[in-house]
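Okay, structure first, notes after.
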Amino acid sequence: MEEPLRFDELRAALARHVRPQESTAIDGLYIAQIEQPGPPAPSMTGTVLAVLAQGAKRLAAGDRVLEYRPGDYLVASIDLPVTGHFFDVEPGRPALGLALTLEPAAVADLLLHPAPADLPRPRAGALPGLAVATMTADLLDALTRLVRLLDSPRDQAVLAPLVKREILWRLLTGEQGASVRQLGLAGSSLSHVARAVRWIQDHYAEPFRVEDLARLAGMSPSAFHRHFQTVTALSPIQFQKQLRLQQARLLLAARPGDITGVAHRVGYDSPSQFSREYRRQYGHPPSHAARPGSPAAVEGAAP
């Protein structure tokens, strides 16, 4: 019988280095501490490995709902709009975790070196862009050593890249290795979908035709729609709507009272349609979000 994983050392190291801004001296490493559970909040995942040493988090991406806690790790291999909230949080026992940015170039470099037999065989077709897997002792050990390097500034420049490379290797050879592998392959289904995702992110207020996005991704419209849905759990139109509403929520906090202006700025011709979709997404009208001091105006989403 395997010994259960112990998160004490990682938890203590995270607690020593948590800061309000969440960034750290190690590039791409973020540490978050959440003191109390809050309402579901929208955010973008980025391409990350996320781990909790205490507490739990629930994420909704399209029609998928994922949970992770100590003993799990989450991999986001594409930047997705999600709604999430922390739970299993009590006074004196906050949620505590880390996020490590996954760089496609670093994955691609690592894929150049091992023999083919050293890595799981590639899987055909697209894979979900967000997945939860079971933590391993080797991955937990590498993550703990990376966070502990924050105690030794002199060693970071030399050792942090080596430990991050080890972490990538553990991911590539682990349960979600196929998803991480796609991140570094220029010809993968995920990379094709990612081109379309970036276009929508850069032009979220503009109308588009799915056929044009499919051409950008180098796929037929039917294959593109199928792969996009698999990776993001959303259709391209739903993906755009999520981005528009997230951006509107931020703008309303800065421009209370200008609901019509915000609606037009994020791409809605009809303020009434904007209000309906906003209420459906967040459970209250945009006028509520625009009130200074309201939860929508002040809450933030942790990575």
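Residues are named by chain letter and number: chains run A, B, ... in the order of the structure tokens, numbers start at 1 in each chain, and ligands are numbered from 1 in the order shown.
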
With segment 82-86 of chain A as the partner and 8 Å as the cut-off, tabulate the residues of segment 17-61 of chain A that qualify, each row holding the nearest pair of atoms and their distance in Å to one decimal, using only C-alpha atoms, sorted by chain and rising number, as CSV.
```
residue,atom,partner,partner_atom,distance
A:Ile34,CA,A:Phe86,CA,7.6
A:Gln36,CA,A:Phe86,CA,7.9
A:Pro37,CA,A:Phe86,CA,5.4
A:Gly38,CA,A:His85,CA,6.4
A:Pro39,CA,A:His85,CA,6.3
A:Pro40,CA,A:His85,CA,4.7
A:Ala41,CA,A:Thr83,CA,5.3
A:Pro42,CA,A:Thr83,CA,4.2
A:Ser43,CA,A:Val82,CA,5.6
A:Met44,CA,A:Val82,CA,6.0
A:Thr45,CA,A:Val82,CA,6.9
A:Gly55,CA,A:Phe86,CA,7.2
A:Ala56,CA,A:Phe86,CA,5.7
A:Lys57,CA,A:Phe86,CA,4.3
A:Arg58,CA,A:Gly84,CA,5.5
A:Leu59,CA,A:Gly84,CA,4.3
A:Ala60,CA,A:Thr83,CA,5.2
A:Ala61,CA,A:Val82,CA,4.8
```

(Q) Could you go through segment 77-300 of chain A and tell me which residues DSSP, when run on the backbone, assigns to strand (DSSP E), listing them as number ranges by chain? (A) A: 81-87, 95-101, 130-134

Q: Compile the contact shell of Lys164 of chain A as a list in words: residues with an atom at most 10 Å away, counting only C-alpha atoms, same-chain residues fewer than 5 positions apart removed.
A: Gly28, Leu29, Leu100, Thr101, Leu102, Ala106, Ala142, Leu143, Arg145, Leu146, Leu159, Trp169 and Arg170 of chain A

Q: Quick one: pick out all helix (DSSP H, G or I) residues within segment 64-267 of chain A from a backbone DSSP run and write them as a VMD selection string.
A: chain A and resid 104 to 111 116 to 118 137 to 151 153 to 172 177 to 183 189 to 202 210 to 217 221 to 232 236 to 254 259 to 265

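The space between atom CA of Ser270 of chain A and atom CA of Phe208 of chain A spans 17.2 Å.
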
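For Ala157 of chain A, the residues within 12 Å (counting only C-alpha atoms, excluding itself and residues fewer than 6 positions away along the chain) are Ala25, Ile26, Asp27, Leu146, Leu149, Leu150, Val163 and Lys164 of chain A.
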
Go ahead and save the residues from that selection, with N, CA and C atoms, as a compact mmCIF listing (two decimals), in the first residue's frame.
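Once everything was written out, this is selection25.txt:
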```txt
# COMPACT_ATOMS: atom_id res chain seq x y z
N ALA A 25 9.76 35.81 -7.11
CA ALA A 25 11.05 36.11 -7.72
C ALA A 25 11.42 35.10 -8.81
N ILE A 26 10.70 33.98 -8.87
CA ILE A 26 10.95 32.98 -9.91
C ILE A 26 9.95 33.22 -11.04
N ASP A 27 10.46 33.46 -12.22
CA ASP A 27 9.62 33.80 -13.37
C ASP A 27 8.59 32.70 -13.63
N LEU A 146 11.14 23.69 -5.99
CA LEU A 146 11.07 24.96 -6.71
C LEU A 146 10.64 26.09 -5.77
N LEU A 149 13.31 27.23 -3.39
CA LEU A 149 14.37 28.07 -3.96
C LEU A 149 14.12 29.55 -3.68
N LEU A 150 12.89 29.92 -3.36
CA LEU A 150 12.62 31.31 -2.97
C LEU A 150 13.34 31.67 -1.68
N VAL A 163 14.91 22.91 -12.24
CA VAL A 163 13.77 22.30 -11.54
C VAL A 163 12.49 22.46 -12.38
N LYS A 164 12.31 23.62 -13.04
CA LYS A 164 11.14 23.79 -13.91
C LYS A 164 11.18 22.78 -15.05
```
